[in-house]
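Trainee: So that you have it, the file is input12.cif, and it contains mmCIF, C-alpha atoms:
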data_my_file
#
loop_
_atom_site.label_atom_id
_atom_site.label_comp_id
_atom_site.auth_asym_id
_atom_site.auth_seq_id
_atom_site.Cartn_x
_atom_site.Cartn_y
_atom_site.Cartn_z
CA MET A 1 16.04 -13.24 -16.22
CA PRO A 2 18.89 -10.79 -15.41
CA ARG A 3 17.81 -7.24 -14.90
CA ILE A 4 18.25 -4.89 -17.82
CA HIS A 5 20.97 -2.76 -16.24
CA LEU A 6 23.11 -5.88 -15.67
CA ILE A 7 22.68 -6.92 -19.29
CA LEU A 8 23.68 -3.43 -20.44
CA ALA A 9 26.75 -3.48 -18.16
CA ASP A 10 27.89 -6.80 -19.66
CA ALA A 11 27.34 -5.40 -23.16
CA VAL A 12 29.52 -2.39 -22.37
CA VAL A 13 32.28 -4.66 -21.02
CA ALA A 14 32.05 -6.83 -24.14
CA VAL A 15 32.48 -3.80 -26.43
CA ALA A 16 35.41 -2.51 -24.35
CA ALA A 17 37.17 -5.90 -24.38
CA THR A 18 36.68 -6.24 -28.12
CA ALA A 19 38.14 -2.77 -28.75
CA ALA A 20 41.07 -3.40 -26.39
CA TYR A 21 42.09 -6.64 -28.06
CA PHE A 22 41.90 -5.10 -31.51
CA GLY A 23 44.08 -2.26 -30.23
CA PHE A 24 46.85 -4.63 -29.14
CA GLN A 25 47.30 -6.30 -32.51
CA ASP A 26 50.37 -4.99 -34.34
CA GLY A 27 49.64 -6.25 -37.81
CA GLY A 28 51.89 -9.29 -37.51
CA GLU A 29 48.95 -11.65 -37.87
CA PRO A 30 46.34 -11.73 -40.62
CA LEU A 31 43.34 -9.58 -39.76
CA TRP A 32 40.94 -12.47 -40.11
CA VAL A 33 42.90 -14.47 -37.50
CA VAL A 34 42.81 -11.53 -35.10
CA ALA A 35 39.10 -11.03 -35.73
CA LEU A 36 38.39 -14.70 -35.07
CA VAL A 37 40.31 -14.65 -31.76
CA VAL A 38 38.72 -11.39 -30.61
CA ALA A 39 35.26 -12.69 -31.56
CA ALA A 40 35.84 -15.58 -29.13
CA ILE A 41 36.75 -13.22 -26.27
CA GLY A 42 34.79 -9.96 -26.43
CA PRO A 43 31.23 -10.58 -27.70
CA PRO A 44 30.55 -13.68 -25.52
CA LEU A 45 30.98 -11.54 -22.39
CA ALA A 46 27.64 -9.90 -23.17
CA VAL A 47 25.81 -13.18 -22.47
CA ARG A 48 27.86 -14.52 -19.57
CA ARG A 49 24.86 -14.40 -17.22
CA ARG A 50 22.65 -16.44 -19.55
CA TRP A 51 25.14 -19.17 -20.49
CA PRO A 52 28.04 -18.92 -18.01
CA LEU A 53 29.68 -22.33 -18.63
CA PRO A 54 29.61 -22.28 -22.46
CA VAL A 55 30.84 -18.67 -22.41
CA LEU A 56 33.67 -19.68 -20.05
CA GLY A 57 34.81 -22.40 -22.42
CA VAL A 58 34.79 -20.10 -25.45
CA VAL A 59 36.53 -17.22 -23.65
CA VAL A 60 39.23 -19.50 -22.21
CA LEU A 61 40.07 -20.85 -25.67
CA GLY A 62 40.05 -17.35 -27.14
CA SER A 63 42.27 -16.02 -24.34
CA PHE A 64 44.75 -18.84 -24.83
CA ALA A 65 44.92 -18.04 -28.52
CA ALA A 66 45.41 -14.33 -27.70
CA ILE A 67 48.30 -15.19 -25.36
CA LEU A 68 50.00 -17.30 -27.99
CA LEU A 69 49.53 -14.54 -30.60
CA ASP A 70 50.67 -11.88 -28.11
CA LEU A 71 47.51 -9.80 -28.61
CA THR A 72 47.37 -8.53 -25.01
CA ARG A 73 49.56 -7.71 -22.02
CA GLU A 74 46.64 -8.24 -19.57
CA PRO A 75 45.92 -11.94 -20.12
CA LEU A 76 42.83 -13.72 -18.80
CA LEU A 77 40.97 -10.70 -17.43
CA PRO A 78 37.93 -11.76 -19.51
CA VAL A 79 38.27 -15.26 -18.04
CA ALA A 80 38.11 -13.86 -14.51
CA TYR A 81 35.09 -11.78 -15.51
CA VAL A 82 33.26 -14.92 -16.63
CA LEU A 83 34.40 -16.92 -13.59
CA TYR A 84 32.57 -14.43 -11.37
CA ALA A 85 29.33 -15.28 -13.22
CA VAL A 86 30.09 -19.01 -12.91
CA GLY A 87 30.52 -18.71 -9.14
CA LEU A 88 27.35 -16.61 -8.87
CA LEU A 89 24.98 -18.49 -11.14
CA VAL A 90 26.13 -22.11 -11.43
CA PRO A 91 25.51 -24.79 -8.75
CA ALA A 92 28.61 -25.95 -6.88
CA ALA A 93 28.53 -29.41 -8.49
CA ARG A 94 29.45 -27.78 -11.83
CA ALA A 95 31.00 -24.49 -10.73
CA VAL A 96 33.88 -26.08 -8.76
CA PRO A 97 35.00 -28.42 -11.59
CA ALA A 98 34.79 -25.48 -14.00
CA LEU A 99 37.14 -23.42 -11.80
CA VAL A 100 39.61 -26.28 -11.27
CA THR A 101 39.71 -27.11 -14.97
CA THR A 102 40.29 -23.46 -15.87
CA LEU A 103 43.13 -23.07 -13.36
CA ILE A 104 44.91 -26.24 -14.49
CA ALA A 105 44.58 -25.33 -18.18
CA THR A 106 45.77 -21.79 -17.50
CA ALA A 107 48.84 -22.92 -15.55
CA SER A 108 49.72 -25.47 -18.18
CA LEU A 109 49.56 -22.87 -20.94
CA LEU A 110 51.49 -20.18 -19.08
CA LEU A 111 54.29 -22.54 -18.09
CA ALA A 112 54.66 -23.68 -21.71
CA ALA A 113 54.06 -20.28 -23.33
CA PRO A 114 56.69 -18.99 -25.77
CA PRO A 115 59.03 -16.30 -24.36
CA ASN A 116 57.58 -13.47 -26.43
CA SER A 117 54.06 -14.05 -25.08
CA LEU A 118 54.55 -13.85 -21.31
CA ALA A 119 57.91 -14.92 -20.01
CA ASP A 120 61.12 -13.10 -20.83
CA THR A 121 63.18 -14.78 -18.10
CA PRO A 122 63.09 -18.22 -16.50
CA GLY A 123 60.52 -18.54 -13.75
CA THR A 124 58.29 -15.74 -14.95
CA GLY A 125 55.76 -18.26 -16.28
CA LEU A 126 55.36 -19.81 -12.82
CA ALA A 127 55.03 -16.41 -11.16
CA ALA A 128 52.43 -15.36 -13.73
CA SER A 129 50.55 -18.61 -13.13
CA LEU A 130 50.38 -18.03 -9.37
CA VAL A 131 49.24 -14.42 -9.74
CA LEU A 132 46.57 -15.30 -12.28
CA TRP A 133 45.44 -18.28 -10.24
CA LEU A 134 44.90 -15.99 -7.27
CA PHE A 135 43.14 -13.38 -9.39
CA MET A 136 40.78 -15.85 -11.06
CA SER A 137 40.07 -17.70 -7.79
CA MET A 138 39.17 -14.41 -6.11
CA ALA A 139 36.77 -13.55 -8.95
CA TRP A 140 35.12 -16.98 -8.70
CA GLY A 141 35.02 -16.73 -4.89
CA ALA A 142 33.39 -13.29 -5.00
CA GLY A 143 30.65 -14.69 -7.21
CA ARG A 144 30.22 -17.64 -4.89
CA MET A 145 29.93 -15.41 -1.85
CA MET A 146 27.31 -13.28 -3.58
CA ARG A 147 25.36 -16.46 -4.42
CA VAL A 148 25.42 -17.50 -0.75
CA LEU A 149 24.25 -14.06 0.37
CA ARG A 150 21.41 -14.07 -2.15
CA ALA A 151 20.32 -17.55 -1.09
CA ARG A 152 20.36 -16.48 2.55
CA GLU A 153 18.25 -13.42 1.77
CA ALA A 154 15.82 -15.58 -0.22
CA ARG A 155 15.44 -17.91 2.77
CA ARG A 156 14.81 -14.93 5.02
CA GLU A 157 12.16 -13.68 2.61
CA VAL A 158 10.45 -17.07 2.65
CA GLN A 159 10.61 -17.08 6.46
CA ARG A 160 9.08 -13.60 6.62
CA ALA A 161 6.31 -14.71 4.26
CA GLU A 162 5.62 -17.78 6.42
CA GLU A 163 5.52 -15.65 9.56
CA ALA A 164 3.12 -13.23 7.88
CA LEU A 165 0.92 -16.15 6.82
CA SER A 166 0.96 -17.56 10.35
CA GLY A 167 0.02 -14.18 11.76
CA GLU A 168 -2.81 -13.84 9.26
CA ARG A 169 -4.14 -17.27 10.17
CA LEU A 170 -4.04 -16.34 13.85
CA ARG A 171 -5.94 -13.14 13.05
CA ILE A 172 -8.57 -15.14 11.15
CA ALA A 173 -8.88 -17.53 14.10
CA ARG A 174 -9.57 -14.57 16.36
CA GLU A 175 -12.09 -13.25 13.86
CA LEU A 176 -13.87 -16.61 13.86
CA HIS A 177 -13.94 -16.62 17.65
CA ASP A 178 -15.40 -13.12 17.78
CA VAL A 179 -18.07 -13.85 15.18
CA VAL A 180 -19.15 -17.17 16.67
CA ALA A 181 -19.06 -15.99 20.30
CA HIS A 182 -21.14 -12.89 19.59
CA SER A 183 -23.74 -14.67 17.48
CA MET A 184 -24.07 -17.74 19.66
CA SER A 185 -24.56 -15.54 22.72
CA LEU A 186 -27.46 -13.78 21.07
CA ILE A 187 -28.91 -17.06 19.82
CA ALA A 188 -28.66 -18.58 23.31
CA VAL A 189 -30.45 -15.61 24.89
CA LYS A 190 -33.25 -15.64 22.31
CA ALA A 191 -33.61 -19.41 22.49
CA ALA A 192 -34.07 -19.13 26.26
CA VAL A 193 -36.70 -16.40 25.74
CA ALA A 194 -38.55 -18.47 23.16
CA ASN A 195 -38.52 -21.51 25.40
CA HIS A 196 -39.78 -19.48 28.35
CA VAL A 197 -42.71 -17.75 26.58
CA ALA A 198 -43.60 -20.36 23.97
CA GLU A 199 -46.89 -21.27 25.63
CA GLN A 200 -47.88 -17.95 27.22
CA ASP A 201 -46.87 -15.64 24.33
CA PRO A 202 -46.42 -17.47 20.98
CA GLY A 203 -45.94 -14.14 19.18
CA GLU A 204 -42.88 -13.21 21.23
CA ALA A 205 -41.56 -16.73 20.80
CA ARG A 206 -41.87 -16.39 17.02
CA ASP A 207 -40.02 -13.05 17.16
CA ALA A 208 -37.21 -14.70 19.13
CA LEU A 209 -37.03 -17.53 16.59
CA ARG A 210 -36.94 -15.00 13.74
CA ILE A 211 -33.99 -13.24 15.36
CA ILE A 212 -32.25 -16.61 15.82
CA GLU A 213 -32.79 -17.37 12.13
CA GLU A 214 -31.48 -13.98 10.96
CA THR A 215 -28.48 -14.13 13.27
CA SER A 216 -27.64 -17.65 12.12
CA ARG A 217 -27.78 -16.64 8.45
CA GLY A 218 -25.61 -13.58 9.08
CA THR A 219 -23.09 -15.64 11.01
CA LEU A 220 -22.87 -18.22 8.25
CA THR A 221 -22.21 -15.44 5.73
CA GLU A 222 -19.43 -14.03 7.91
CA LEU A 223 -17.90 -17.48 8.39
CA ARG A 224 -17.93 -18.10 4.64
CA ARG A 225 -16.16 -14.78 4.14
CA LEU A 226 -13.44 -15.57 6.67
CA LEU A 227 -12.92 -19.12 5.45
CA GLY A 228 -12.88 -17.80 1.89
CA VAL A 229 -9.74 -15.83 2.78
CA LEU A 230 -8.03 -19.15 3.50
CA ARG A 231 -9.12 -20.63 0.19
CA SER A 232 -8.81 -17.67 -2.17
CA PRO A 233 -5.25 -16.78 -3.33
CA ASP A 234 -6.16 -13.21 -4.17
CA GLY A 235 -9.17 -12.51 -1.94
CA ALA A 236 -11.41 -11.94 -4.98
CA GLU A 237 -15.14 -11.56 -4.54
CA LEU A 238 -14.99 -11.46 -0.74
CA ALA A 239 -17.11 -9.23 1.45
CA PRO A 240 -15.38 -6.13 2.83
CA THR A 241 -13.76 -6.26 6.25
CA PRO A 242 -16.15 -4.99 8.98
CA GLY A 243 -15.28 -1.66 10.54
CA ILE A 244 -16.68 1.37 12.34
CA ASP A 245 -19.54 1.75 9.87
CA ASP A 246 -20.87 -1.65 10.95
CA LEU A 247 -21.13 -0.85 14.67
CA GLY A 248 -24.81 -0.02 14.25
CA LYS A 249 -25.53 -3.67 13.39
CA LEU A 250 -23.85 -4.77 16.60
CA ALA A 251 -26.04 -2.36 18.55
CA ASP A 252 -29.14 -3.71 16.79
CA HIS A 253 -28.23 -7.27 17.76
CA ALA A 254 -27.78 -6.25 21.39
CA ARG A 255 -31.14 -4.43 21.32
CA GLU A 256 -32.76 -7.61 20.03
CA ALA A 257 -31.43 -9.33 23.16
CA GLY A 258 -33.23 -6.72 25.29
CA ILE A 259 -30.33 -4.31 25.93
CA GLU A 260 -30.93 -0.59 25.38
CA VAL A 261 -27.84 0.60 23.55
CA THR A 262 -26.78 4.19 22.94
CA MET A 263 -23.84 4.78 20.68
CA ARG A 264 -21.62 7.80 19.99
CA VAL A 265 -19.05 7.16 17.30
CA ASP A 266 -16.43 9.47 15.80
CA ARG A 267 -16.09 8.34 12.19
CA SER A 268 -12.74 10.03 11.53
CA GLU A 269 -10.47 8.46 8.93
CA LEU A 270 -8.48 5.56 10.39
CA PRO A 271 -6.27 2.75 9.02
CA GLU A 272 -8.29 -0.30 8.02
CA SER A 273 -6.61 -2.46 10.68
CA LEU A 274 -7.73 -0.04 13.40
CA ARG A 275 -11.27 0.12 12.04
CA LEU A 276 -11.44 -3.67 12.20
CA SER A 277 -10.05 -3.67 15.76
CA VAL A 278 -12.67 -1.12 16.86
CA HIS A 279 -15.40 -3.33 15.44
CA ARG A 280 -14.07 -6.47 17.16
CA ILE A 281 -13.50 -4.81 20.53
CA VAL A 282 -17.01 -3.34 20.58
CA GLN A 283 -18.41 -6.65 19.37
CA GLU A 284 -16.71 -8.60 22.16
CA ALA A 285 -17.70 -6.02 24.77
CA LEU A 286 -21.37 -6.16 23.72
CA THR A 287 -21.20 -9.96 23.69
CA ASN A 288 -20.10 -9.87 27.33
CA VAL A 289 -22.94 -7.46 28.14
CA VAL A 290 -25.49 -9.80 26.57
CA LYS A 291 -24.06 -12.96 28.12
CA HIS A 292 -22.92 -11.93 31.58
CA ALA A 293 -23.91 -8.42 32.60
CA ALA A 294 -27.64 -8.80 33.28
CA ALA A 295 -27.75 -5.18 32.13
CA LYS A 296 -30.61 -3.06 30.84
CA HIS A 297 -28.62 -0.22 29.34
CA CYS A 298 -25.26 0.01 27.62
CA GLU A 299 -23.35 3.00 26.23
CA VAL A 300 -20.70 2.75 23.51
CA VAL A 301 -18.37 5.70 22.87
CA VAL A 302 -15.70 5.74 20.16
CA SER A 303 -13.67 8.96 20.08
CA VAL A 304 -10.64 10.02 18.07
CA ASP A 305 -8.19 12.86 18.65
CA GLU A 306 -4.89 13.79 17.02
CA ARG A 307 -2.95 11.00 18.77
CA ASP A 308 -5.31 8.38 20.16
CA LEU A 309 -8.38 6.32 19.44
CA ARG A 310 -10.48 5.61 22.54
CA ILE A 311 -13.22 3.03 23.04
CA GLU A 312 -15.48 2.87 26.09
CA VAL A 313 -18.33 0.42 26.60
CA THR A 314 -20.20 0.94 29.86
CA ASP A 315 -23.27 -0.94 31.12
CA ASP A 316 -25.38 -0.89 34.27
CA GLY A 317 -25.06 -4.61 34.95
CA ARG A 318 -22.80 -6.62 37.19
CA GLY A 319 -20.20 -7.44 34.54
CA PRO A 320 -18.73 -10.87 33.81
CA GLY A 321 -18.35 -12.93 36.92
CA ALA A 322 -15.50 -15.20 37.93
CA GLY A 323 -14.82 -17.77 35.24
CA SER A 324 -16.95 -16.02 32.66
CA GLY A 325 -15.99 -13.60 29.96
CA GLY A 326 -12.31 -14.40 30.46
CA HIS A 327 -11.49 -15.23 26.88
CA GLY A 328 -13.35 -12.19 25.61
CA LEU A 329 -11.42 -9.83 27.88
CA ILE A 330 -8.14 -11.53 26.98
CA GLY A 331 -8.92 -11.23 23.28
CA MET A 332 -9.70 -7.51 23.61
CA ARG A 333 -6.53 -6.94 25.63
CA GLU A 334 -4.43 -8.76 23.01
CA ARG A 335 -5.85 -6.64 20.21
CA VAL A 336 -5.05 -3.45 22.11
CA MET A 337 -1.55 -4.60 23.17
CA MET A 338 -0.78 -5.51 19.56
CA TYR A 339 -0.81 -1.76 18.80
CA GLY A 340 0.99 -0.73 21.99
CA GLY A 341 -2.22 0.67 23.54
CA ALA A 342 -3.77 0.47 27.00
CA PHE A 343 -6.73 -1.66 28.13
CA GLU A 344 -8.82 -1.65 31.31
CA ALA A 345 -11.90 -3.62 32.31
CA GLY A 346 -13.65 -3.49 35.65
CA ALA A 347 -16.33 -1.92 37.80
CA ALA A 348 -17.42 1.54 36.65
CA PRO A 349 -17.24 4.43 39.20
CA GLY A 350 -21.02 4.94 39.19
CA GLY A 351 -21.85 1.27 39.21
CA GLY A 352 -21.99 -1.28 36.43
CA PHE A 353 -19.08 -2.48 34.32
CA ARG A 354 -16.79 -0.60 31.95
CA VAL A 355 -14.42 -1.68 29.19
CA SER A 356 -11.90 1.01 28.17
CA ALA A 357 -9.33 0.78 25.39
CA ARG A 358 -6.86 3.34 24.07
CA LEU A 359 -5.00 2.72 20.81
CA PRO A 360 -2.55 4.97 18.94
CA ARG A 361 -4.16 6.57 15.92
CA ASP A 362 -1.02 5.86 13.86
CA PRO A 363 0.16 2.30 14.74
CA ASP A 364 3.11 2.53 12.29
CA GLU A 365 4.48 5.52 14.18
CA VAL A 366 4.44 3.51 17.42
CA ARG A 367 6.27 0.57 15.81
CA ARG A 368 9.04 2.89 14.62
#
For this file, write the structure as structure tokens.
Mentor:
Amino acid sequence: MPRIHLILADAVVAVAATAAYFGFQDGGEPLWVVALVVAAIGPPLAVRRRWPLPVLGVVVLGSFAAILLDLTREPLLPVAYVLYAVGLLVPAARAVPALVTTLIATASLLLAAPPNSLADTPGTGLAASLVLWLFMSMAWGAGRMMRVLRAREARREVQRAEEALSGERLRIARELHDVVAHSMSLIAVKAAVANHVAEQDPGEARDALRIIEETSRGTLTELRRLLGVLRSPDGAELAPTPGIDDLGKLADHAREAGIEVTMRVDRSELPESLRLSVHRIVQEALTNVVKHAAAKHCEVVVSVDERDLRIEVTDDGRGPGAGSGGHGLIGMRERVMMYGGAFEAGAAPGGGFRVSARLPRDPDEVRR
């Protein structure tokens, strides 16, 4: 449907054309004849966007009648006005024949028009035909060019939507990796504990199995949430995206694996995307501590100032060895680089291993 301001503009043009044609009549023709001709030219212009081809046919016939009755000295302006809509709104398979037919009919009429309608001297009919041909072709061509530009912009919009969808799917894939890697690491550690103490300490083995059960259920819930994003068109009834407020659960999981975790978190207001990134970076860092560090203690610090968000996860273990923890470190680095931040991972000055990330507090400002 055309937008309302375009409809109003066409209505104004229709009223103006109707008034102009009535103004040119000199009383030589019966009023009802003039009214009939004007009714075929002015009012149809108001609906040229809805029915461009039928309106073109009616306006062409009305304009021809006006030329023969000498009702105007500016012939075929309404025809050009409709031809713009034909070029803009009608597919080429019908728009081109409509233009060619209009030009041929117009030339034929002008060349055969009586002297008092257009031509006072020989040759003026041909000159008028050429000028009007050019004028009407330019109007049609302008509409056609606008149609091409709109189609190009529509294709770009579709491409941007596809790129956004691809990026979202990549983000979900990373989310799935983070969730599965963290949970499976904890499950593997507790399964090893249960297997080791099953005979000597059945109570501790049962505790390990309970943690495995709880972790498995939580992971399945998280996986259903992420996969639900792929299935649901509007994201209805999905669990909220994890953020800074959920870091305590990550610490609890690490404690269940035997790591003493201390956590200091600045809960300042942040964009949702950054809150999710904080959660995933801390989650991946703690996963590496559980899997590779052989650590006893780990400290997590999340601080926020006016410009930056900083994340530091330091443990007293040996850190991931060669060939281990690579994907986790790469994933954390990618998340940080996505916001134009800085990432470091390596041996801590006082021993142990440290993961450090700095992200801009306002990612949109960095992108600009």
Trainee: Residues within 12 Å of Ala251 of chain A, please, as a list of chain:residue names. Count all atoms listed in the file; anything in the same chain fewer than 6 positions from it doesn't count.
Mentor: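 Once the adjacent positions are removed, what remains is A:His182, A:Leu186, A:Ile244, A:Asp245, A:Ala257, A:Gly258, A:Ile259, A:Glu260, A:Val261, A:Thr262, A:Met263, A:Arg264, A:Val265, A:His279, A:Val282, A:Gln283, A:Glu284, A:Ala285, A:Leu286, A:Thr287, A:Val289, A:Val290, A:His297, A:Cys298, A:Glu299, A:Val300, A:Val301, A:Val313.
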Trainee: Name all residues at most 9 Å from Ala35 of chain A (count all atoms listed in the file; drop same-chain ones fewer than 5 positions away) and give them as number ranges by chain.
Mentor: A: 22, 30, 40
Trainee: How would the residues just picked look written out with C-alpha atoms as a compact mmCIF listing (two decimals), in the coordinates of the input?
Mentor:
# COMPACT_ATOMS: atom_id res chain seq x y z
CA PHE A 22 41.90 -5.10 -31.51
CA PRO A 30 46.34 -11.73 -40.62
CA ALA A 40 35.84 -15.58 -29.13
Trainee: Can you work out the spacing between atom CA of Met338 of chain A and atom CA of Ser303 of chain A in Å, to one decimal?
Mentor: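 Taking atom CA of Met338 of chain A and atom CA of Ser303 of chain A, their separation equals 19.4 Å.
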Trainee: List the residues matched by the PyMOL selection byres ((chain A and resi 77) around 9) in the displayed structure as a list in words, ordered by chain and then by residue number.
Mentor: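 Output of the PyMOL selection byres ((chain A and resi 77) around 9): Ser63, Glu74, Pro75, Leu76, Pro78, Val79, Ala80, Tyr81, Val82, Leu132, Phe135 and Met136 of chain A.
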Trainee: Go ahead and write the residues just picked, C-alpha atoms, as an mmCIF file, in the coordinates of the input.
Mentor:
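part.cif, freshly written:
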data_model
loop_
_atom_site.group_PDB
_atom_site.id
_atom_site.type_symbol
_atom_site.label_atom_id
_atom_site.label_comp_id
_atom_site.auth_asym_id
_atom_site.auth_seq_id
_atom_site.Cartn_x
_atom_site.Cartn_y
_atom_site.Cartn_z
ATOM 1 C CA SER A 63 42.270 -16.020 -24.340
ATOM 2 C CA GLU A 74 46.640 -8.240 -19.570
ATOM 3 C CA PRO A 75 45.920 -11.940 -20.120
ATOM 4 C CA LEU A 76 42.830 -13.720 -18.800
ATOM 5 C CA PRO A 78 37.930 -11.760 -19.510
ATOM 6 C CA VAL A 79 38.270 -15.260 -18.040
ATOM 7 C CA ALA A 80 38.110 -13.860 -14.510
ATOM 8 C CA TYR A 81 35.090 -11.780 -15.510
ATOM 9 C CA VAL A 82 33.260 -14.920 -16.630
ATOM 10 C CA LEU A 132 46.570 -15.300 -12.280
ATOM 11 C CA PHE A 135 43.140 -13.380 -9.390
ATOM 12 C CA MET A 136 40.780 -15.850 -11.060
#
Trainee: Do you have the atom CA of Asp305 of chain A-atom CA of Gly328 of chain A distance handy?
Mentor: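 Answer for the atom CA of Asp305 of chain A to atom CA of Gly328 of chain A separation: 26.5 Å.
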Trainee: What does the distance from atom CA of Arg358 of chain A to atom CA of Gly341 of chain A come to in Å, to one decimal?
Mentor: 5.4 Å
Trainee: Which residue is closest to Val34 of chain A? Choose from A:Leu170, A:Leu109, A:Ile67, A:Ile7 and count all atoms listed in the file.
Mentor: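 Residue with the minimum atom-to-atom distance to Val34 of chain A: A:Ile67.
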Trainee: Just want the 9 Å neighbourhood of segment 12-19 of chain A, counted on only C-alpha atoms, with same-chain residues fewer than 6 positions away dropped. Output as a list in words.
Mentor: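 Neighbouring residues, sequence-local ones excluded: Val38, Ala39, Ile41, Gly42, Pro43, Pro44, Leu45, Ala46 and Pro78 of chain A.
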Trainee: Near Ala342 of chain A, within 10 Å and counting all atoms listed in the file, which residues show up once chain neighbours fewer than 5 positions away are dropped, as a list in words?
Mentor: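 Residues near the query, excluding close chain neighbours: Arg310, Arg333, Val336, Met337, Ser356, Ala357, Arg358, Leu359 and Pro360 of chain A.
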